[in-house]
Structure formats: structure tokens, C-alpha cells
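Asker: Below is the file model_14.tsv, with TSV, C-alpha atoms.
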```tsv
chain	number	residue	atom	x	y	z
T	878	MET	CA	90.81	68.91	118.29
T	879	LEU	CA	87.99	70.47	120.28
T	880	ASP	CA	85.06	68.14	120.88
T	881	LYS	CA	81.39	69.12	120.76
T	882	ASP	CA	81.20	69.85	124.48
T	883	GLN	CA	84.24	72.13	124.32
T	884	ILE	CA	82.84	73.95	121.27
T	885	ASP	CA	79.51	74.46	123.02
T	886	ALA	CA	81.21	75.67	126.20
T	887	ALA	CA	83.36	78.15	124.29
T	888	SER	CA	80.36	79.52	122.39
T	889	GLU	CA	78.30	79.79	125.58
T	890	LEU	CA	81.06	81.82	127.23
T	891	LEU	CA	81.42	84.19	124.27
T	892	VAL	CA	77.65	84.70	123.99
T	893	ARG	CA	77.40	85.47	127.70
T	894	HIS	CA	80.08	88.15	127.44
T	895	TRP	CA	78.42	89.61	124.36
T	896	ARG	CA	75.01	89.83	126.09
T	897	ASP	CA	76.52	91.29	129.28
T	898	GLY	CA	78.73	93.75	127.43
T	899	THR	CA	81.77	92.37	129.23
T	900	LYS	CA	85.20	91.18	128.06
T	901	LEU	CA	87.52	88.25	128.66
T	902	ASP	CA	91.28	88.00	128.33
T	903	ALA	CA	91.22	84.75	126.34
T	904	LEU	CA	89.37	81.47	126.16
T	905	GLU	CA	90.84	79.03	128.68
T	906	THR	CA	93.32	76.62	127.15
T	907	ARG	CA	90.96	73.63	126.97
T	908	LEU	CA	88.36	75.72	125.04
T	909	ARG	CA	90.73	77.73	122.85
T	910	PRO	CA	90.61	77.02	119.10
T	911	GLN	CA	93.97	76.18	117.54
T	912	SER	CA	92.91	76.48	113.90
T	913	ARG	CA	90.56	78.41	111.65
T	914	ALA	CA	88.36	75.32	111.39
T	915	GLU	CA	87.94	75.12	115.17
T	916	GLY	CA	87.26	78.86	115.27
T	917	TYR	CA	84.51	78.49	112.68
T	918	ALA	CA	83.01	75.55	114.60
T	919	ILE	CA	82.64	77.76	117.69
T	920	GLN	CA	81.24	80.56	115.53
T	921	ALA	CA	78.58	78.21	114.12
T	922	ALA	CA	77.57	77.36	117.69
T	923	LEU	CA	77.20	81.10	118.36
T	924	GLU	CA	74.57	81.25	115.64
T	925	ARG	CA	72.58	78.47	117.30
T	926	ARG	CA	72.64	80.38	120.59
T	927	SER	CA	71.64	83.72	119.09
T	928	SER	CA	68.21	85.20	119.68
T	929	GLY	CA	68.24	86.43	116.09
T	930	THR	CA	68.31	84.73	112.71
T	931	LEU	CA	71.11	84.74	110.14
T	932	PHE	CA	70.92	88.04	108.25
T	933	GLY	CA	74.14	87.62	106.30
T	934	TRP	CA	77.92	87.64	106.49
T	935	LYS	CA	80.75	90.07	107.16
T	936	ILE	CA	84.37	89.97	106.12
T	937	ALA	CA	86.89	91.28	108.61
T	938	ALA	CA	90.37	92.46	107.67
T	939	THR	CA	89.99	92.91	103.91
T	940	SER	CA	92.28	95.95	103.98
T	941	GLU	CA	95.83	96.34	105.23
T	942	ALA	CA	94.57	98.84	107.81
T	943	GLY	CA	91.90	96.40	108.96
T	944	GLN	CA	94.43	93.59	109.25
T	945	LYS	CA	96.73	95.77	111.33
T	946	HIS	CA	93.79	96.83	113.51
T	947	ILE	CA	93.24	93.25	114.73
T	948	ASN	CA	96.75	91.89	113.97
T	949	VAL	CA	95.91	89.23	111.37
T	950	THR	CA	97.38	88.55	107.94
T	951	GLY	CA	94.22	87.95	105.92
T	952	PRO	CA	90.42	88.11	105.88
T	953	LEU	CA	88.05	86.36	108.29
T	954	ALA	CA	84.34	85.57	107.80
T	955	GLY	CA	81.69	86.24	110.43
T	956	ARG	CA	77.93	86.00	110.79
T	957	ILE	CA	75.60	89.02	110.88
T	958	MET	CA	72.59	88.18	113.05
T	959	SER	CA	69.25	89.93	112.60
T	960	ASP	CA	69.19	91.27	116.15
T	961	THR	CA	72.40	93.26	115.50
T	962	VAL	CA	71.08	95.16	112.46
T	963	ILE	CA	70.26	98.86	112.94
T	964	ALA	CA	68.05	100.80	110.53
T	965	ASP	CA	69.71	103.32	108.22
T	966	GLY	CA	69.76	106.65	110.07
T	967	GLY	CA	69.22	104.90	113.40
T	968	THR	CA	71.21	104.97	116.62
T	969	ALA	CA	73.84	102.52	117.84
T	970	SER	CA	74.63	102.03	121.51
T	971	MET	CA	78.28	102.33	122.54
T	972	LYS	CA	77.67	100.33	125.74
T	973	GLY	CA	80.36	97.72	126.19
T	974	ASN	CA	82.02	98.61	122.88
T	975	GLU	CA	85.77	98.81	123.37
T	976	MET	CA	86.84	98.73	119.72
T	977	ARG	CA	84.87	101.94	119.04
T	978	VAL	CA	85.28	102.31	115.29
T	979	GLY	CA	82.95	102.70	112.32
T	980	GLU	CA	83.62	101.22	108.90
T	981	PRO	CA	81.99	102.27	105.58
T	982	GLU	CA	81.47	99.24	103.37
T	983	PHE	CA	80.08	97.91	100.09
T	984	ALA	CA	77.41	95.26	100.77
T	985	PHE	CA	75.74	92.80	98.40
T	986	ARG	CA	72.41	91.00	98.81
T	987	MET	CA	72.33	87.61	97.14
T	988	GLY	CA	69.62	86.76	94.62
T	989	ARG	CA	70.20	83.01	94.50
T	990	ASP	CA	71.97	80.30	96.45
T	991	LEU	CA	75.63	79.39	96.02
T	992	PRO	CA	75.88	75.88	97.51
T	993	PRO	CA	79.13	74.09	98.37
T	994	ARG	CA	80.85	72.34	95.45
T	995	ALA	CA	84.24	70.81	94.67
T	996	THR	CA	85.61	73.69	92.60
T	997	PRO	CA	85.93	77.36	93.62
T	998	TYR	CA	83.44	79.94	92.39
T	999	SER	CA	84.79	82.58	90.03
T	1000	ALA	CA	84.12	86.26	90.76
T	1001	ASP	CA	81.83	86.39	87.72
T	1002	GLU	CA	79.77	83.45	88.97
T	1003	VAL	CA	79.35	85.03	92.38
T	1004	LEU	CA	78.41	88.43	90.92
T	1005	ALA	CA	75.83	86.76	88.68
T	1006	ALA	CA	74.13	85.48	91.86
T	1007	VAL	CA	73.89	88.98	93.39
T	1008	GLU	CA	70.56	90.81	93.43
T	1009	THR	CA	71.42	94.27	94.82
T	1010	LEU	CA	74.30	96.46	95.99
T	1011	HIS	CA	74.00	98.62	99.13
T	1012	PRO	CA	76.10	101.17	101.01
T	1013	ALA	CA	76.64	99.99	104.58
T	1014	ILE	CA	78.37	100.76	107.88
T	1015	GLU	CA	79.79	98.12	110.17
T	1016	ILE	CA	80.45	98.78	113.86
T	1017	PRO	CA	82.73	95.93	114.94
T	1018	ASP	CA	83.79	94.91	118.43
T	1019	SER	CA	85.39	91.94	120.17
T	1020	ARG	CA	84.60	89.97	123.28
T	1021	PHE	CA	88.35	89.91	123.95
T	1022	ALA	CA	89.80	92.75	125.99
T	1023	ASP	CA	93.02	92.57	123.96
T	1024	PHE	CA	91.72	91.75	120.49
T	1025	VAL	CA	95.08	92.67	118.96
T	1026	SER	CA	96.76	89.66	120.54
T	1027	ALA	CA	93.82	87.21	120.41
T	1028	GLY	CA	94.91	85.64	117.10
T	1029	GLU	CA	92.86	84.66	114.08
T	1030	ALA	CA	91.41	81.40	115.46
T	1031	GLN	CA	89.98	83.10	118.56
T	1032	LEU	CA	88.79	86.10	116.52
T	1033	ILE	CA	86.95	83.78	114.12
T	1034	ALA	CA	85.37	82.08	117.15
T	1035	ASP	CA	84.43	85.59	118.32
T	1036	ASN	CA	82.40	85.93	115.09
T	1037	ALA	CA	85.18	87.86	113.34
T	1038	CYS	CA	84.48	90.87	115.58
T	1039	ALA	CA	80.87	91.20	114.40
T	1040	HIS	CA	78.86	93.59	116.58
T	1041	LEU	CA	76.41	96.01	114.91
T	1042	PHE	CA	75.55	96.62	111.26
T	1043	VAL	CA	73.70	99.30	109.27
T	1044	LEU	CA	72.40	98.54	105.76
T	1045	GLY	CA	71.54	101.34	103.38
T	1046	ALA	CA	68.92	101.19	100.64
T	1047	PRO	CA	69.73	99.21	97.49
T	1048	THR	CA	71.33	101.38	94.84
T	1049	ILE	CA	69.31	102.21	91.74
T	1050	ALA	CA	72.50	102.92	89.77
T	1051	ASN	CA	73.82	100.42	87.25
T	1052	TRP	CA	76.56	99.27	89.59
T	1053	ARG	CA	77.46	96.27	87.43
T	1054	ALA	CA	78.78	98.66	84.77
T	1055	MET	CA	80.86	100.60	87.30
T	1056	ASP	CA	84.44	100.10	88.42
T	1057	LEU	CA	83.94	99.65	92.16
T	1058	VAL	CA	87.72	99.67	92.65
T	1059	ALA	CA	87.78	103.35	91.69
T	1060	GLU	CA	84.84	104.41	93.88
T	1061	ARG	CA	85.73	107.02	96.53
T	1062	PRO	CA	83.02	107.15	99.21
T	1063	GLN	CA	83.06	110.31	101.33
T	1064	ILE	CA	82.61	109.88	105.07
T	1065	ALA	CA	81.53	112.72	107.37
T	1066	LEU	CA	82.37	112.47	111.08
T	1067	ARG	CA	82.66	115.25	113.70
T	1068	GLY	CA	82.83	117.96	111.06
T	1069	GLU	CA	85.65	116.27	109.20
T	1070	ARG	CA	85.52	114.59	105.80
T	1071	HIS	CA	87.34	111.37	105.00
T	1072	ILE	CA	87.64	109.65	101.64
T	1073	GLY	CA	87.56	105.88	101.23
T	1074	HIS	CA	88.57	103.82	98.25
T	1075	GLY	CA	87.11	100.69	96.69
T	1076	ARG	CA	90.59	99.26	96.17
T	1077	ASN	CA	91.05	99.05	99.95
T	1078	VAL	CA	88.57	96.14	100.05
T	1079	LEU	CA	90.86	93.22	99.18
T	1080	GLY	CA	91.76	95.11	96.00
T	1081	ASP	CA	88.14	95.04	94.79
T	1082	PRO	CA	84.84	94.63	96.72
T	1083	ARG	CA	83.76	92.05	94.14
T	1084	ILE	CA	86.88	89.97	94.81
T	1085	ALA	CA	86.10	90.16	98.53
T	1086	LEU	CA	82.58	88.91	97.86
T	1087	ALA	CA	83.95	85.96	95.87
T	1088	TRP	CA	86.39	85.23	98.70
T	1089	LEU	CA	83.47	84.97	101.14
T	1090	ALA	CA	81.52	82.65	98.88
T	1091	ASN	CA	84.52	80.35	98.59
T	1092	GLU	CA	85.33	80.53	102.30
T	1093	LEU	CA	81.80	79.29	103.00
T	1094	ARG	CA	82.12	76.69	100.24
T	1095	GLY	CA	85.18	75.30	102.01
T	1096	LEU	CA	83.18	75.10	105.24
T	1097	GLY	CA	80.31	73.26	103.56
T	1098	ILE	CA	77.96	76.26	103.99
T	1099	THR	CA	75.53	77.58	101.37
T	1100	LEU	CA	75.52	81.33	100.75
T	1101	ARG	CA	71.77	81.77	100.45
T	1102	ALA	CA	69.48	84.05	98.46
T	1103	GLY	CA	68.44	87.01	100.57
T	1104	GLU	CA	71.58	87.01	102.70
T	1105	VAL	CA	73.70	90.16	102.78
T	1106	VAL	CA	77.48	90.13	102.50
T	1107	THR	CA	79.34	93.23	103.69
T	1108	THR	CA	82.81	93.19	102.23
T	1109	GLY	CA	85.02	95.12	104.66
T	1110	THR	CA	85.95	98.71	105.26
T	1111	CYS	CA	86.95	100.94	102.36
T	1112	HIS	CA	88.62	103.38	104.78
T	1113	PRO	CA	90.87	102.77	107.80
T	1114	PRO	CA	88.58	102.19	110.82
T	1115	LEU	CA	87.32	105.56	112.06
T	1116	PRO	CA	87.29	106.21	115.84
T	1117	ILE	CA	83.78	106.92	117.18
T	1118	GLN	CA	82.28	107.95	120.51
T	1119	GLY	CA	78.89	108.66	122.01
T	1120	GLY	CA	77.24	111.70	120.42
T	1121	ASP	CA	78.91	111.15	117.04
T	1122	HIS	CA	77.07	110.85	113.74
T	1123	LEU	CA	78.76	108.91	110.94
T	1124	ALA	CA	77.50	109.44	107.38
T	1125	ALA	CA	78.91	107.70	104.30
T	1126	ASP	CA	78.13	109.07	100.84
T	1127	PHE	CA	78.81	106.55	98.08
T	1128	GLY	CA	77.80	108.99	95.33
T	1129	VAL	CA	75.39	107.49	92.81
T	1130	LEU	CA	75.43	104.26	94.82
T	1131	GLY	CA	73.62	105.95	97.72
T	1132	LYS	CA	74.12	107.07	101.30
T	1133	VAL	CA	73.99	105.48	104.75
T	1134	SER	CA	74.33	106.91	108.25
T	1135	VAL	CA	74.16	106.07	111.94
T	1136	GLY	CA	74.35	107.95	115.24
T	1137	PHE	CA	76.00	106.81	118.48
T	1138	VAL	CA	74.91	107.10	122.11
```
Before anything else, please render the file you have as C-alpha cells.

Answerer:
Amino acid sequence: MLDKDQIDAASELLVRHWRDGTKLDALETRLRPQSRAEGYAIQAALERRSSGTLFGWKIAATSEAGQKHINVTGPLAGRIMSDTVIADGGTASMKGNEMRVGEPEFAFRMGRDLPPRATPYSADEVLAAVETLHPAIEIPDSRFADFVSAGEAQLIADNACAHLFVLGAPTIANWRAMDLVAERPQIALRGERHIGHGRNVLGDPRIALAWLANELRGLGITLRAGEVVTTGTCHPPLPIQGGDHLAADFGVLGKVSVGFV
């Protein structure tokens, strides 16, 4: 088991690489997490070292394509910090970004707290705690040069590849009456059109949201009112480069876009 000093040292190293826009091959053996729990302990220390505040949560690898992209077998939770959030229609820097993909996502803002408890939350209970639904774009990256071989414990420590995040306006549509599984967002990039699918997000974006709430429950963390949860890409990660503009049209649910330099 990693002790407090090892957890702090691992988080300090990851934060330094994130701030410098540099990469590392792997955490040295004495600092390397060997379990999801140790990975999450390092991730929590990242939050304490951040210059921002906790804006919300992301879920990595909720689709088969996303899991293959980082070579894991299931979803991972990560923190979205306020200093990584870009305004809708804004510009994202590509400096230091080696993953170089954009991901259109369904995001939920919580309306009330879901504190830890002994029994899992049902999807209906979690949805009842939601205030608004938003279209979103995540721009992930990793501090590991070879993120494909890093493994889930190190990727969790690396904040589940959290990097930059764009949140669209809350939808005014009656999203609770809609089948989000069937939604087909259209994504425009470099003159080409791509079509996502709600079912790519762990089978249902609402199921992904419930997974996150229960992952935090197991960690003893409260999912708080006001926090945003982005549920994972509804389309295989789309390659991006400087000069690109990525726009995602979620139909009646709204639109979101970001440029890259």
C-alpha cells in the first residue's frame, strides 16, 4: 500500500508534468499505484494541489471505442477542475496535448447532493437529483507518454485523462421524457460530418451517470449539488489539430463548439 508521503509525491510529479505540458513514461515503482483505490488516492491529492476548484466529474472509457483508446476494460472517474473549463465557442490550446482527440458528450448538472450510503443508488434516484442536461465536449489527455500501456490504476491517478472541458448551455427541451439512448448528435469537423449515438455511453448516458454516483459512493465522496458530470463520448474519439473547429449538434438538446490553436 502507498503511504501518504508516496501519494503526495506521486501527485506532485503528475501536477508538475501537467503544468509544464510534459510527459513521463511511468511513475517510478515506489510511487506507482497497484489498485484502483491507490489510483483514486493520488487523484484526490491532485485536487488539493490544483489552482482551481472542483467543477465536476468525468467518466473515461464508457464506450468500447473509448476503452480501446486507453486500453482499459471499464469506466474510470476523474475530476474536472474549474481552471480547465473553456467557455462554449471558446478556444482550446493544443500545447502539450499528445492524445489530440475531441469527444462529444452528454453532461448533467446536479441539483442536490448524493452522499455516500451503504446501498447503491438506482438510476432513477440519481436522475431525480439532476437539475439540468447540457451538451458538452471533452478534450482528454494524459501525463503518460504511452497512455495505452499505463494501465487503469495509473490512469486513474492521472485523473482519468482529464484535460480540458467545454460545457454547453442547459437544454430547454424536456429531456426527461426523451430516450437519450436513441439520440444521434451530429459532429462537424474539418468539413466532415460524424454521427454519435447515445447508446455508446455505457449503453445509456443515464446509466453512466448512475455509475459515477456509485463509484463516488464507494470512495466515500459526496456528489454535490452544482457539480457537473460528463458521461463519456458518444462517438469514437475524433482526431483534432491546431486550426480545427469542432461543433456538436445535439438537436433539441442544444449545441456546443470549441476551436483549437

Asker: Around (90.2, 90.1, 123.4) in the file's own coordinates, what residues are found within 8 Å if you use only C-alpha atoms, given back as a PyMOL selection string?

Answerer: chain T and resi 900-903+1019-1027

Asker: For T:Trp934, please output as a PyMOL selection string all residues within 7 Å (counting all atoms listed in the file; exclusion window: fewer than 3 positions along the same chain).

Answerer: chain T and resi 954-957+1105-1107

Asker: What is the distance, in Å and to one decimal place, between atom CA of T:Thr1009 and atom CA of T:Ala1054?

Answerer: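 Calculated distance between atom CA of T:Thr1009 and atom CA of T:Ala1054 is 13.2 Å.
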
Asker: Find, counting all atoms listed in the file, the residue in T:His1112, T:Lys945, T:His894, T:Arg1053 that gets nearest to T:Gly973.

Answerer: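 Smallest separation from T:Gly973 among the options: T:His894.
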
Asker: Between T:Arg925, T:Arg913, T:Arg1101, T:Lys935, which is the closest to T:Leu1086 once you count only C-alpha atoms?

Answerer: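 For T:Leu1086, the nearest of the candidates is T:Lys935.
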
Asker: Just how far from atom CA of T:Asn974 is atom CA of T:Arg926, in Å to one decimal?

Answerer: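 Spanning atom CA of T:Arg926 to atom CA of T:Asn974 is a straight-line distance of 20.6 Å.
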
Asker: Compare T:Gln1031, T:Pro1116, T:His1122, T:Arg986 by their minimum atom-to-atom distance to T:Gly1068, counting all atoms listed in the file, and give me the closest one.

Answerer: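 Between T:Gln1031, T:Pro1116, T:His1122, T:Arg986, the residue approaching T:Gly1068 most closely is T:His1122.
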
Asker: If I take atom CA of T:Gln1063 and atom CA of T:Cys1111, how far is one from the other in Å, to one decimal?

Answerer: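 We find that atom CA of T:Gln1063 and atom CA of T:Cys1111 lie 10.2 Å from each other.
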
Asker: Could you please fill out stretch 1054-1088 of chain T with N, CA and C atoms and send it back as a JSON list (two decimals), in the coordinates of the input?

Answerer:
```
[["chain", "number", "residue", "atom", "x", "y", "z"],
["T", 1054, "ALA", "N", 77.99, 98.03, 85.83],
["T", 1054, "ALA", "CA", 78.78, 98.66, 84.77],
["T", 1054, "ALA", "C", 79.86, 99.58, 85.33],
["T", 1055, "MET", "N", 79.91, 99.69, 86.67],
["T", 1055, "MET", "CA", 80.86, 100.60, 87.30],
["T", 1055, "MET", "C", 82.12, 99.88, 87.76],
["T", 1056, "ASP", "N", 83.20, 100.63, 87.87],
["T", 1056, "ASP", "CA", 84.44, 100.10, 88.42],
["T", 1056, "ASP", "C", 84.44, 100.39, 89.92],
["T", 1057, "LEU", "N", 84.04, 99.42, 90.71],
["T", 1057, "LEU", "CA", 83.94, 99.65, 92.16],
["T", 1057, "LEU", "C", 85.31, 99.90, 92.79],
["T", 1058, "VAL", "N", 86.36, 99.43, 92.14],
["T", 1058, "VAL", "CA", 87.72, 99.67, 92.65],
["T", 1058, "VAL", "C", 88.01, 101.16, 92.73],
["T", 1059, "ALA", "N", 87.48, 101.92, 91.78],
["T", 1059, "ALA", "CA", 87.78, 103.35, 91.69],
["T", 1059, "ALA", "C", 86.84, 104.21, 92.53],
["T", 1060, "GLU", "N", 85.82, 103.63, 93.11],
["T", 1060, "GLU", "CA", 84.84, 104.41, 93.88],
["T", 1060, "GLU", "C", 85.50, 105.02, 95.12],
["T", 1061, "ARG", "N", 85.13, 106.28, 95.42],
["T", 1061, "ARG", "CA", 85.73, 107.02, 96.53],
["T", 1061, "ARG", "C", 84.63, 107.54, 97.45],
["T", 1062, "PRO", "N", 84.06, 106.69, 98.28],
["T", 1062, "PRO", "CA", 83.02, 107.15, 99.21],
["T", 1062, "PRO", "C", 83.55, 108.25, 100.13],
["T", 1063, "GLN", "N", 82.70, 109.23, 100.42],
["T", 1063, "GLN", "CA", 83.06, 110.31, 101.33],
["T", 1063, "GLN", "C", 82.36, 110.09, 102.67],
["T", 1064, "ILE", "N", 83.13, 110.17, 103.75],
["T", 1064, "ILE", "CA", 82.61, 109.88, 105.07],
["T", 1064, "ILE", "C", 82.70, 111.14, 105.91],
["T", 1065, "ALA", "N", 81.57, 111.54, 106.51],
["T", 1065, "ALA", "CA", 81.53, 112.72, 107.37],
["T", 1065, "ALA", "C", 81.44, 112.27, 108.82],
["T", 1066, "LEU", "N", 82.33, 112.82, 109.66],
["T", 1066, "LEU", "CA", 82.37, 112.47, 111.08],
["T", 1066, "LEU", "C", 82.97, 113.63, 111.86],
["T", 1067, "ARG", "N", 82.22, 114.15, 112.84],
["T", 1067, "ARG", "CA", 82.66, 115.25, 113.70],
["T", 1067, "ARG", "C", 83.18, 116.45, 112.91],
["T", 1068, "GLY", "N", 82.48, 116.80, 111.85],
["T", 1068, "GLY", "CA", 82.83, 117.96, 111.06],
["T", 1068, "GLY", "C", 84.00, 117.76, 110.12],
["T", 1069, "GLU", "N", 84.55, 116.56, 110.10],
["T", 1069, "GLU", "CA", 85.65, 116.27, 109.20],
["T", 1069, "GLU", "C", 85.20, 115.33, 108.09],
["T", 1070, "ARG", "N", 85.86, 115.43, 106.94],
["T", 1070, "ARG", "CA", 85.52, 114.59, 105.80],
["T", 1070, "ARG", "C", 86.69, 113.65, 105.48],
["T", 1071, "HIS", "N", 86.35, 112.39, 105.32],
["T", 1071, "HIS", "CA", 87.34, 111.37, 105.00],
["T", 1071, "HIS", "C", 86.95, 110.73, 103.67],
["T", 1072, "ILE", "N", 87.91, 110.25, 102.94],
["T", 1072, "ILE", "CA", 87.64, 109.65, 101.64],
["T", 1072, "ILE", "C", 88.13, 108.21, 101.61],
["T", 1073, "GLY", "N", 87.21, 107.29, 101.35],
["T", 1073, "GLY", "CA", 87.56, 105.88, 101.23],
["T", 1073, "GLY", "C", 87.93, 105.53, 99.81],
["T", 1074, "HIS", "N", 88.18, 104.25, 99.59],
["T", 1074, "HIS", "CA", 88.57, 103.82, 98.25],
["T", 1074, "HIS", "C", 88.19, 102.35, 98.08],
["T", 1075, "GLY", "N", 87.52, 102.06, 96.95],
["T", 1075, "GLY", "CA", 87.11, 100.69, 96.69],
["T", 1075, "GLY", "C", 88.26, 99.71, 96.65],
["T", 1076, "ARG", "N", 89.45, 100.17, 96.28],
["T", 1076, "ARG", "CA", 90.59, 99.26, 96.17],
["T", 1076, "ARG", "C", 91.06, 98.78, 97.53],
["T", 1077, "ASN", "N", 90.64, 99.47, 98.61],
["T", 1077, "ASN", "CA", 91.05, 99.05, 99.95],
["T", 1077, "ASN", "C", 90.38, 97.75, 100.39],
["T", 1078, "VAL", "N", 89.35, 97.33, 99.66],
["T", 1078, "VAL", "CA", 88.57, 96.14, 100.05],
["T", 1078, "VAL", "C", 89.12, 94.93, 99.30],
["T", 1079, "LEU", "N", 90.21, 94.38, 99.78],
["T", 1079, "LEU", "CA", 90.86, 93.22, 99.18],
["T", 1079, "LEU", "C", 91.20, 93.46, 97.71],
["T", 1080, "GLY", "N", 91.46, 94.73, 97.37],
["T", 1080, "GLY", "CA", 91.76, 95.11, 96.00],
["T", 1080, "GLY", "C", 90.54, 95.42, 95.16],
["T", 1081, "ASP", "N", 89.38, 94.86, 95.54],
["T", 1081, "ASP", "CA", 88.14, 95.04, 94.79],
["T", 1081, "ASP", "C", 87.01, 94.43, 95.62],
["T", 1082, "PRO", "N", 85.93, 95.19, 95.93],
["T", 1082, "PRO", "CA", 84.84, 94.63, 96.72],
["T", 1082, "PRO", "C", 84.25, 93.35, 96.12],
["T", 1083, "ARG", "N", 84.30, 93.24, 94.80],
["T", 1083, "ARG", "CA", 83.76, 92.05, 94.14],
["T", 1083, "ARG", "C", 84.64, 90.84, 94.39],
["T", 1084, "ILE", "N", 85.95, 91.06, 94.47],
["T", 1084, "ILE", "CA", 86.88, 89.97, 94.81],
["T", 1084, "ILE", "C", 86.64, 89.53, 96.25],
["T", 1085, "ALA", "N", 86.39, 90.50, 97.14],
["T", 1085, "ALA", "CA", 86.10, 90.16, 98.53],
["T", 1085, "ALA", "C", 84.84, 89.32, 98.63],
["T", 1086, "LEU", "N", 83.82, 89.68, 97.87],
["T", 1086, "LEU", "CA", 82.58, 88.91, 97.86],
["T", 1086, "LEU", "C", 82.84, 87.47, 97.41],
["T", 1087, "ALA", "N", 83.62, 87.30, 96.35],
["T", 1087, "ALA", "CA", 83.95, 85.96, 95.87],
["T", 1087, "ALA", "C", 84.75, 85.19, 96.92],
["T", 1088, "TRP", "N", 85.63, 85.89, 97.63],
["T", 1088, "TRP", "CA", 86.39, 85.23, 98.70],
["T", 1088, "TRP", "C", 85.43, 84.66, 99.74]]
```
